[in-house]
file model39.tsv (TSV, C-alpha atoms)
chain	number	residue	atom	x	y	z
A	17	MET	CA	-0.35	8.76	21.25
A	18	GLU	CA	-0.53	5.58	23.24
A	19	ARG	CA	2.84	3.91	23.91
A	20	ALA	CA	1.82	0.88	21.83
A	21	VAL	CA	1.12	3.14	18.84
A	22	TYR	CA	4.60	4.68	19.00
A	23	ASP	CA	6.07	1.19	19.11
A	24	ARG	CA	3.99	-0.01	16.14
A	25	ILE	CA	4.97	3.01	14.06
A	26	ARG	CA	8.63	2.33	14.74
A	27	ALA	CA	8.20	-1.24	13.47
A	28	LEU	CA	5.99	-0.40	10.48
A	29	GLU	CA	7.06	2.93	9.04
A	30	GLN	CA	9.71	1.66	6.62
A	31	ASP	CA	7.54	-0.91	4.83
A	32	HIS	CA	3.84	-0.39	5.63
A	33	TRP	CA	1.90	0.79	2.58
A	34	TRP	CA	0.52	3.92	4.28
A	35	PHE	CA	3.91	5.25	5.30
A	36	ALA	CA	5.59	4.27	2.02
A	37	GLY	CA	2.80	5.76	-0.09
A	38	ARG	CA	2.72	8.96	1.92
A	39	ARG	CA	6.48	9.36	1.48
A	40	ALA	CA	6.02	9.18	-2.29
A	41	VAL	CA	3.42	11.96	-2.17
A	42	LEU	CA	5.49	14.06	0.23
A	43	THR	CA	8.58	13.69	-1.95
A	44	ARG	CA	6.71	15.17	-4.91
A	45	ALA	CA	5.28	17.94	-2.74
A	46	LEU	CA	8.74	18.86	-1.49
A	47	GLU	CA	10.02	18.98	-5.07
A	48	GLY	CA	7.36	21.57	-5.81
A	49	LEU	CA	8.56	24.01	-3.16
A	50	SER	CA	10.95	26.80	-3.99
A	51	LEU	CA	13.64	26.52	-1.31
A	52	PRO	CA	17.13	27.98	-0.99
A	53	ALA	CA	20.01	25.54	-1.31
A	54	PRO	CA	20.81	24.43	1.28
A	55	ALA	CA	17.64	25.15	3.25
A	56	ARG	CA	17.27	25.20	7.01
A	57	ILE	CA	14.47	22.75	7.77
A	58	LEU	CA	12.47	21.71	10.84
A	59	GLU	CA	10.27	18.65	11.17
A	60	VAL	CA	7.87	19.07	14.08
A	61	GLY	CA	6.62	15.79	15.55
A	62	CYS	CA	9.20	13.62	13.79
A	63	GLY	CA	8.07	10.45	15.62
A	64	ALA	CA	10.42	7.59	14.80
A	65	GLY	CA	12.12	9.63	12.08
A	66	GLY	CA	10.77	7.96	8.96
A	67	ASN	CA	10.39	11.23	7.04
A	68	LEU	CA	13.83	12.62	7.83
A	69	GLN	CA	15.24	10.74	4.83
A	70	LEU	CA	13.09	12.96	2.60
A	71	LEU	CA	14.35	16.16	4.15
A	72	THR	CA	18.09	15.68	4.64
A	73	PRO	CA	18.93	16.00	0.91
A	74	LEU	CA	17.36	19.46	0.96
A	75	GLY	CA	19.53	21.05	3.64
A	76	ASP	CA	20.25	21.28	7.35
A	77	VAL	CA	17.49	19.43	9.21
A	78	SER	CA	16.38	19.89	12.81
A	79	ALA	CA	13.78	17.69	14.47
A	80	LEU	CA	11.40	18.09	17.39
A	81	GLU	CA	9.50	15.29	19.14
A	82	PRO	CA	7.73	15.29	22.53
A	83	ASP	CA	8.08	11.53	23.14
A	84	ASP	CA	11.25	10.65	25.06
A	85	GLU	CA	11.71	7.15	23.64
A	86	SER	CA	11.20	8.32	20.08
A	87	ARG	CA	13.75	11.10	20.54
A	88	ALA	CA	16.32	8.61	21.78
A	89	TYR	CA	15.55	6.22	18.90
A	90	VAL	CA	15.91	8.94	16.24
A	91	ALA	CA	19.09	10.29	17.81
A	92	GLU	CA	20.65	6.82	17.73
A	93	ARG	CA	19.44	5.77	14.28
A	94	TYR	CA	19.97	9.03	12.42
A	95	LYS	CA	22.88	10.40	14.48
A	96	MET	CA	21.20	13.74	15.08
A	97	LYS	CA	19.97	15.69	18.06
A	98	VAL	CA	16.22	15.80	18.50
A	99	GLU	CA	14.76	18.52	20.68
A	100	GLY	CA	11.81	18.04	23.01
A	101	GLY	CA	8.94	20.49	22.92
A	102	LEU	CA	5.22	20.97	22.60
A	103	LEU	CA	2.86	23.06	20.50
A	104	PRO	CA	1.96	25.83	20.74
A	105	ASP	CA	4.13	27.34	23.47
A	106	GLY	CA	7.01	24.90	23.97
A	107	LEU	CA	9.07	25.34	20.81
A	108	PRO	CA	12.80	25.75	21.57
A	109	TYR	CA	13.65	27.85	18.50
A	110	PRO	CA	13.76	31.62	17.95
A	111	PRO	CA	11.39	33.26	15.46
A	112	GLY	CA	12.50	33.33	11.85
A	113	SER	CA	14.79	30.31	12.13
A	114	PHE	CA	13.72	28.11	9.20
A	115	ASP	CA	13.21	28.13	5.44
A	116	LEU	CA	10.84	25.15	5.72
A	117	VAL	CA	8.75	23.79	8.58
A	118	CYS	CA	7.10	20.38	8.16
A	119	ALA	CA	4.32	18.95	10.31
A	120	PHE	CA	3.17	15.62	8.92
A	121	ASP	CA	0.03	14.41	10.71
A	122	VAL	CA	0.71	16.55	13.77
A	123	ILE	CA	-1.88	19.35	13.98
A	124	GLU	CA	-4.73	16.89	14.60
A	125	HIS	CA	-3.00	15.88	17.86
A	126	VAL	CA	-2.95	19.30	19.54
A	127	ASP	CA	-5.67	20.95	21.57
A	128	GLU	CA	-5.00	24.46	20.25
A	129	ASP	CA	-4.69	24.05	16.51
A	130	ALA	CA	-4.97	27.73	15.56
A	131	ALA	CA	-2.37	28.77	18.13
A	132	SER	CA	-0.10	25.91	17.02
A	133	VAL	CA	-0.22	26.92	13.36
A	134	ALA	CA	0.50	30.52	14.38
A	135	ALA	CA	3.49	29.32	16.43
A	136	LEU	CA	4.86	27.38	13.45
A	137	ALA	CA	4.37	30.41	11.21
A	138	LYS	CA	6.55	32.48	13.55
A	139	LEU	CA	9.43	30.03	13.04
A	140	LEU	CA	9.56	30.77	9.31
A	141	LYS	CA	11.93	33.23	7.71
A	142	PRO	CA	10.28	35.75	5.36
A	143	GLY	CA	9.46	33.77	2.24
A	144	GLY	CA	9.72	30.49	4.15
A	145	ALA	CA	7.35	27.60	3.48
A	146	ILE	CA	5.33	25.23	5.63
A	147	LEU	CA	4.19	21.80	4.45
A	148	THR	CA	1.61	19.90	6.48
A	149	THR	CA	-0.73	16.92	6.35
A	150	VAL	CA	-3.73	15.94	8.49
A	151	PRO	CA	-6.49	13.30	8.34
A	152	ALA	CA	-9.70	14.39	6.62
A	153	TYR	CA	-13.43	14.04	7.35
A	154	GLN	CA	-14.77	13.94	10.88
A	155	TRP	CA	-17.37	11.41	9.69
A	156	MET	CA	-14.48	8.97	9.21
A	157	TRP	CA	-13.70	9.04	12.95
A	158	SER	CA	-12.82	5.55	14.26
A	159	PRO	CA	-10.96	3.70	17.03
A	160	HIS	CA	-7.82	4.33	14.96
A	161	ASP	CA	-8.18	8.06	15.70
A	162	GLU	CA	-8.72	7.39	19.38
A	163	ALA	CA	-5.66	5.13	19.66
A	164	HIS	CA	-3.57	7.84	17.99
A	165	HIS	CA	-5.01	10.49	20.33
A	166	HIS	CA	-6.39	12.60	17.51
A	167	LYS	CA	-8.43	15.59	18.65
A	168	ARG	CA	-10.22	15.96	15.32
A	169	ARG	CA	-10.24	15.21	11.60
A	170	TYR	CA	-10.47	18.16	9.23
A	171	ALA	CA	-12.57	19.61	6.47
A	172	LEU	CA	-10.35	21.36	3.94
A	173	PRO	CA	-11.89	24.87	4.25
A	174	ALA	CA	-11.46	24.88	8.04
A	175	TYR	CA	-7.89	23.62	7.80
A	176	ARG	CA	-6.97	26.17	5.16
A	177	ALA	CA	-8.41	28.94	7.33
A	178	LEU	CA	-5.94	28.12	10.14
A	179	PHE	CA	-3.04	29.13	7.90
A	180	GLU	CA	-4.69	32.18	6.45
A	181	GLN	CA	-5.49	33.40	9.96
A	182	ALA	CA	-1.81	32.95	10.84
A	183	GLY	CA	-0.87	35.39	8.06
A	184	LEU	CA	0.39	32.76	5.61
A	185	LYS	CA	-0.40	32.57	1.91
A	186	VAL	CA	-1.73	29.13	0.98
A	187	GLU	CA	-0.05	27.98	-2.23
A	188	ARG	CA	-1.40	24.45	-2.53
A	189	ALA	CA	-4.18	22.69	-0.64
A	190	GLY	CA	-6.19	19.58	-1.36
A	191	HIS	CA	-6.58	15.90	-0.63
A	192	PHE	CA	-4.55	12.75	-1.17
A	193	ASN	CA	-4.97	9.03	-0.41
A	194	THR	CA	-7.86	9.25	-2.85
A	195	LEU	CA	-7.73	5.98	-4.77
A	196	LEU	CA	-8.13	3.96	-1.57
A	197	LEU	CA	-10.90	6.15	-0.12
A	198	PRO	CA	-13.80	3.84	-1.15
A	199	LEU	CA	-12.08	0.84	0.43
A	200	ALA	CA	-11.41	2.77	3.65
A	201	VAL	CA	-15.02	3.96	3.89
A	202	VAL	CA	-16.36	0.42	3.49
A	203	GLN	CA	-13.87	-0.95	6.03
A	204	ARG	CA	-14.55	1.66	8.71
A	205	PHE	CA	-18.32	1.53	8.43
A	206	ALA	CA	-18.26	-2.28	8.44
A	207	LYS	CA	-16.24	-2.16	11.65
A	208	LYS	CA	-18.79	0.19	13.20
A	209	LEU	CA	-21.68	-2.02	12.12
A	210	LEU	CA	-19.99	-5.16	13.44
A	211	LYS	CA	-18.72	-3.36	16.56
A	212	ILE	CA	-15.11	-4.27	15.79
A	213	ASP	CA	-12.97	-2.03	17.99
A	214	SER	CA	-9.51	-2.11	16.42
A	215	SER	CA	-6.99	0.22	14.83
A	216	ASP	CA	-6.19	0.16	11.10
A	217	ASP	CA	-2.40	0.06	11.14
A	218	ALA	CA	-1.63	-3.67	11.19
A	219	MET	CA	0.78	-4.90	8.51
A	220	PRO	CA	-1.14	-6.67	5.73
A	221	PRO	CA	0.20	-9.74	3.88
A	222	PRO	CA	3.15	-8.87	1.60
A	223	TRP	CA	1.18	-9.18	-1.66
A	224	LEU	CA	-1.54	-6.86	-0.38
A	225	ASN	CA	0.91	-4.43	1.19
A	226	GLY	CA	2.72	-4.17	-2.15
A	227	LEU	CA	-0.52	-3.59	-4.04
A	228	LEU	CA	-1.68	-0.88	-1.63
A	229	THR	CA	1.75	0.78	-1.69
A	230	ARG	CA	1.71	1.01	-5.49
A	231	ALA	CA	-1.84	2.37	-5.53
A	232	PHE	CA	-1.08	5.03	-2.93
A	233	ALA	CA	2.30	5.98	-4.42
A	234	ALA	CA	0.69	6.42	-7.86
A	235	GLU	CA	-0.98	9.54	-6.48
A	236	ARG	CA	2.33	11.42	-6.45
A	237	SER	CA	1.46	12.56	-9.98
A	238	LEU	CA	-2.18	13.35	-9.17
A	239	PHE	CA	-2.36	15.29	-5.91
A	240	PRO	CA	-3.87	17.45	-4.63
A	241	MET	CA	-7.27	15.94	-5.35
A	242	PRO	CA	-10.76	17.23	-4.44
A	243	VAL	CA	-11.39	14.26	-2.12
A	244	GLY	CA	-9.22	11.85	-0.15
A	245	LEU	CA	-8.50	10.43	3.29
A	246	SER	CA	-5.83	13.03	4.01
A	247	ILE	CA	-5.29	16.75	3.45
A	248	ILE	CA	-2.02	18.26	2.25
A	249	LEU	CA	-1.34	21.98	2.46
A	250	ALA	CA	1.64	24.12	1.54
A	251	ALA	CA	1.75	27.78	2.58
A	252	ARG	CA	4.34	30.55	2.60
A	253	LYS	CA	5.21	33.46	4.84
A	254	PRO	CA	5.12	36.76	2.96
A	255	PHE	CA	8.33	38.76	2.58

call {"tool": "encode", "arguments": {"input": "model39.tsv", "output": "structure tokens"}}
result
Amino acid sequence: MERAVYDRIRALEQDHWWFAGRRAVLTRALEGLSLPAPARILEVGCGAGGNLQLLTPLGDVSALEPDDESRAYVAERYKMKVEGGLLPDGLPYPPGSFDLVCAFDVIEHVDEDAASVAALAKLLKPGGAILTTVPAYQWMWSPHDEAHHHKRRYALPAYRALFEQAGLKVERAGHFNTLLLPLAVVQRFAKKLLKIDSSDDAMPPPWLNGLLTRAFAAERSLFPMPVGLSIILAARKPF
């Protein structure tokens, strides 16, 4: 991602409606996984660390992040070591190390998505789970994707196939950020029509941010849905 994007995420991820709403959905998804207690957990691409608070109650958490400044920020704020590394070939962990691997909006950033999913699958213990999210619908491509250095947006069948090809059993796959999909479609196509070249991650006014947060977070009881701006997928490594 561009340096400015990393810096914006650091400033926004605690309160911005998208991050707060996604955490609500991810919390429910994590509750639905059958994990040992305590579990050994890895978050790949932890960024500024906003999701670590969801994972630490579940066990012993490790984090990996390629950006130097973000690693230093997470290490200072959360008092934990964050490893550097890249997908698919730069992961500093031995095979079979983790009960749960999380990659939240990561796979869309890598050139080799199939090889990256296969590399994450190798990190799982037998019976271990992987939980991932990615942006959906290539037709929703916008300057936001370019600023975040996305390589692609996904259709659900193609994304699911990455995990099946890696030898994992998909347990849950579908969409979320559904209720706000019509608004997002109108906004992005209006920007294209008006040639407005800007990202979508500015902080809205407090009243609107609160409204959008509540709408997004309400989906924690609904997902996965047949349509939505994002895809969520949980898969497991066979014993």

call {"tool": "residues_near_point", "arguments": {"input": "model39.tsv", "point": "(-2.0, 1.1, -2.2)", "cutoff": "9 Å", "atoms": "all atoms listed in the file", "output": "list of chain:residue names"}}
result
A:Trp33, A:Trp34, A:Gly37, A:Asn193, A:Leu195, A:Leu196, A:Leu224, A:Asn225, A:Gly226, A:Leu227, A:Leu228, A:Thr229, A:Arg230, A:Ala231, A:Phe232, A:Ala233, A:Ala234

call {"tool": "closest_atom_pairs", "arguments": {"input": "model39.tsv", "of": "region 156-253 of chain A", "to": "region 19-28 of chain A", "cutoff": "12 Å", "atoms": "all atoms listed in the file", "output": "JSON lines"}}
result
{"residue": "A:His160", "atom": "CA", "partner": "A:Val21", "partner_atom": "CA", "distance": 9.8}
{"residue": "A:Asp161", "atom": "CA", "partner": "A:Val21", "partner_atom": "CA", "distance": 11.0}
{"residue": "A:Glu162", "atom": "CA", "partner": "A:Val21", "partner_atom": "CA", "distance": 10.7}
{"residue": "A:Ala163", "atom": "CA", "partner": "A:Val21", "partner_atom": "CA", "distance": 7.1}
{"residue": "A:His164", "atom": "CA", "partner": "A:Val21", "partner_atom": "CA", "distance": 6.7}
{"residue": "A:His165", "atom": "CA", "partner": "A:Val21", "partner_atom": "CA", "distance": 9.7}
{"residue": "A:Ser215", "atom": "CA", "partner": "A:Val21", "partner_atom": "CA", "distance": 9.5}
{"residue": "A:Asp216", "atom": "CA", "partner": "A:Val21", "partner_atom": "CA", "distance": 11.1}
{"residue": "A:Asp217", "atom": "CA", "partner": "A:Arg24", "partner_atom": "CA", "distance": 8.1}
{"residue": "A:Ala218", "atom": "CA", "partner": "A:Leu28", "partner_atom": "CA", "distance": 8.3}
{"residue": "A:Met219", "atom": "CA", "partner": "A:Leu28", "partner_atom": "CA", "distance": 7.2}
{"residue": "A:Pro220", "atom": "CA", "partner": "A:Leu28", "partner_atom": "CA", "distance": 10.6}
{"residue": "A:Asn225", "atom": "CA", "partner": "A:Leu28", "partner_atom": "CA", "distance": 11.3}

call {"tool": "closest_atom_pairs", "arguments": {"input": "model39.tsv", "of": "region 57-137 of chain A", "to": "region 146-150 of chain A", "cutoff": "8 Å", "atoms": "all atoms listed in the file", "output": "tab-separated table"}}
result
residue	atom	partner	partner_atom	distance
A:Leu116	CA	A:Ile146	CA	5.5
A:Val117	CA	A:Ile146	CA	4.7
A:Cys118	CA	A:Leu147	CA	4.9
A:Ala119	CA	A:Thr148	CA	4.8
A:Phe120	CA	A:Thr149	CA	4.8
A:Asp121	CA	A:Val150	CA	4.6
A:Val122	CA	A:Val150	CA	6.9
A:Ile123	CA	A:Val150	CA	6.7
A:Glu124	CA	A:Val150	CA	6.3
A:Ala137	CA	A:Ile146	CA	7.7

call {"tool": "closest_residue", "arguments": {"input": "model39.tsv", "among": "A:Pro110, A:Gly244, A:Pro221, A:Pro104", "to": "Ala152 (chain A)", "atoms": "all atoms listed in the file"}}
result
A:Gly244

call {"tool": "closest_residue", "arguments": {"input": "model39.tsv", "among": "A:Pro111, A:Gly101, A:Pro151, A:Gly106", "to": "Cys62 (chain A)", "atoms": "all atoms listed in the file"}}
result
A:Gly101

call {"tool": "atom_distance", "arguments": {"input": "model39.tsv", "atom1": "CA of Gly61 (chain A)", "atom2": "CA of Arg38 (chain A)"}}
result
15.7 Å

call {"tool": "closest_residue", "arguments": {"input": "model39.tsv", "among": "A:Thr72, A:Ser246, A:Gln203, A:Gln30", "to": "Tyr94 (chain A)", "atoms": "all atoms listed in the file"}}
result
A:Thr72

call {"tool": "closest_residue", "arguments": {"input": "model39.tsv", "among": "A:Ala182, A:Val60, A:Val77, A:Leu70", "to": "Leu107 (chain A)", "atoms": "all atoms listed in the file"}}
result
A:Val60

call {"tool": "residues_near_point", "arguments": {"input": "model39.tsv", "point": "(11.0, 7.5, 5.9)", "cutoff": "7 Å", "atoms": "all atoms listed in the file", "output": "list in words"}}
result
Glu29, Gln30, Arg39, Gly65, Gly66, Asn67, Leu68, Gln69 and Leu70 of chain A

call {"tool": "atom_distance", "arguments": {"input": "model39.tsv", "atom1": "CA of Ala250 (chain A)", "atom2": "CA of Leu49 (chain A)"}}
result
8.4 Å

call {"tool": "atom_distance", "arguments": {"input": "model39.tsv", "atom1": "CA of Ala40 (chain A)", "atom2": "CA of Ala251 (chain A)"}}
result
19.7 Å

call {"tool": "residues_around", "arguments": {"input": "model39.tsv", "residues": "Tyr153 (chain A)", "least_positions_apart": "4", "cutoff": "12 Å", "atoms": "all atoms listed in the file", "output": "PyMOL selection string"}}
result
chain A and resi 124+157-158+161+168-175+191+197+201+243-247

call {"tool": "residues_around", "arguments": {"input": "model39.tsv", "residues": "Pro240 (chain A)", "least_positions_apart": "6", "cutoff": "8 Å", "atoms": "only C-alpha atoms", "output": "PDB file with C-alpha atoms, keeping the file's coordinate frame"}}
result
ATOM      1  CA  ARG A 188      -1.400  24.450  -2.530  1.00  0.00           C
ATOM      2  CA  ALA A 189      -4.180  22.690  -0.640  1.00  0.00           C
ATOM      3  CA  GLY A 190      -6.190  19.580  -1.360  1.00  0.00           C
ATOM      4  CA  HIS A 191      -6.580  15.900  -0.630  1.00  0.00           C
ATOM      5  CA  PHE A 192      -4.550  12.750  -1.170  1.00  0.00           C
ATOM      6  CA  ILE A 248      -2.020  18.260   2.250  1.00  0.00           C
TER       7      ILE A 248
END

call {"tool": "closest_residue", "arguments": {"input": "model39.tsv", "among": "A:Glu47, A:Glu180, A:Glu235, A:Asp115", "to": "Glu59 (chain A)", "atoms": "all atoms listed in the file"}}
result
A:Asp115

call {"tool": "decode", "arguments": {"input": "model39.tsv", "residues": "region 74-109 of chain A", "atoms": "N, CA and C atoms", "output": "compact mmCIF listing (two decimals), in the first residue's frame"}}
result
# COMPACT_ATOMS: atom_id res chain seq x y z
N LEU A 74 -8.28 -15.56 22.41
CA LEU A 74 -8.42 -16.95 21.96
C LEU A 74 -7.16 -17.78 22.16
N GLY A 75 -6.03 -17.13 22.45
CA GLY A 75 -4.81 -17.92 22.63
C GLY A 75 -3.55 -17.11 22.47
N ASP A 76 -2.52 -17.79 22.02
CA ASP A 76 -1.18 -17.21 21.84
C ASP A 76 -1.09 -16.69 20.41
N VAL A 77 -0.97 -15.37 20.26
CA VAL A 77 -1.06 -14.74 18.95
C VAL A 77 0.31 -14.30 18.46
N SER A 78 0.62 -14.66 17.22
CA SER A 78 1.77 -14.15 16.49
C SER A 78 1.27 -13.26 15.36
N ALA A 79 2.11 -12.33 14.92
CA ALA A 79 1.70 -11.40 13.87
C ALA A 79 2.84 -11.24 12.87
N LEU A 80 2.45 -11.07 11.61
CA LEU A 80 3.40 -10.84 10.53
C LEU A 80 2.94 -9.64 9.73
N GLU A 81 3.89 -8.76 9.38
CA GLU A 81 3.57 -7.55 8.63
C GLU A 81 4.80 -7.12 7.84
N PRO A 82 4.68 -6.91 6.53
CA PRO A 82 5.85 -6.53 5.73
C PRO A 82 6.29 -5.08 5.90
N ASP A 83 5.39 -4.20 6.36
CA ASP A 83 5.73 -2.77 6.46
C ASP A 83 6.49 -2.48 7.74
N ASP A 84 7.68 -1.90 7.61
CA ASP A 84 8.55 -1.65 8.77
C ASP A 84 7.90 -0.75 9.81
N GLU A 85 7.31 0.36 9.38
CA GLU A 85 6.74 1.31 10.33
C GLU A 85 5.55 0.70 11.07
N SER A 86 4.76 -0.08 10.36
CA SER A 86 3.62 -0.72 11.01
C SER A 86 4.08 -1.75 12.03
N ARG A 87 5.14 -2.50 11.71
CA ARG A 87 5.67 -3.46 12.68
C ARG A 87 6.11 -2.76 13.95
N ALA A 88 6.82 -1.66 13.80
CA ALA A 88 7.29 -0.92 14.97
C ALA A 88 6.12 -0.37 15.77
N TYR A 89 5.09 0.12 15.10
CA TYR A 89 3.92 0.67 15.78
C TYR A 89 3.20 -0.41 16.58
N VAL A 90 2.99 -1.58 15.96
CA VAL A 90 2.29 -2.67 16.65
C VAL A 90 3.11 -3.18 17.83
N ALA A 91 4.41 -3.31 17.63
CA ALA A 91 5.27 -3.78 18.71
C ALA A 91 5.21 -2.85 19.91
N GLU A 92 5.16 -1.55 19.67
CA GLU A 92 5.10 -0.59 20.76
C GLU A 92 3.72 -0.56 21.41
N ARG A 93 2.68 -0.55 20.60
CA ARG A 93 1.33 -0.40 21.15
C ARG A 93 0.85 -1.66 21.85
N TYR A 94 1.14 -2.82 21.25
CA TYR A 94 0.59 -4.07 21.78
C TYR A 94 1.64 -4.91 22.52
N LYS A 95 2.85 -4.38 22.63
CA LYS A 95 3.91 -5.05 23.39
C LYS A 95 4.12 -6.49 22.93
N MET A 96 4.23 -6.66 21.62
CA MET A 96 4.46 -7.98 21.06
C MET A 96 5.40 -7.88 19.88
N LYS A 97 6.10 -8.94 19.62
CA LYS A 97 7.00 -8.98 18.48
C LYS A 97 6.20 -9.25 17.22
N VAL A 98 6.52 -8.51 16.17
CA VAL A 98 5.88 -8.70 14.88
C VAL A 98 6.96 -9.04 13.88
N GLU A 99 6.80 -10.18 13.23
CA GLU A 99 7.79 -10.63 12.25
C GLU A 99 7.56 -9.95 10.91
N GLY A 100 8.64 -9.76 10.15
CA GLY A 100 8.53 -9.33 8.77
C GLY A 100 8.47 -10.55 7.87
N GLY A 101 7.88 -10.39 6.71
CA GLY A 101 7.80 -11.50 5.78
C GLY A 101 6.81 -11.21 4.67
N LEU A 102 6.92 -11.98 3.60
CA LEU A 102 6.08 -11.78 2.43
C LEU A 102 5.48 -13.11 1.98
N LEU A 103 4.30 -13.03 1.40
CA LEU A 103 3.70 -14.18 0.73
C LEU A 103 4.14 -14.20 -0.73
N PRO A 104 4.35 -15.41 -1.28
CA PRO A 104 4.13 -16.71 -0.66
C PRO A 104 5.36 -17.36 -0.03
N ASP A 105 6.55 -16.85 -0.33
CA ASP A 105 7.76 -17.60 0.01
C ASP A 105 8.55 -17.03 1.18
N GLY A 106 8.08 -15.96 1.81
CA GLY A 106 8.87 -15.33 2.86
C GLY A 106 8.25 -15.42 4.24
N LEU A 107 7.65 -16.57 4.56
CA LEU A 107 7.01 -16.74 5.86
C LEU A 107 7.99 -17.38 6.84
N PRO A 108 8.25 -16.74 7.97
CA PRO A 108 9.31 -17.21 8.88
C PRO A 108 8.82 -18.22 9.92
N TYR A 109 7.93 -19.12 9.53
CA TYR A 109 7.39 -20.10 10.46
C TYR A 109 7.48 -21.49 9.84
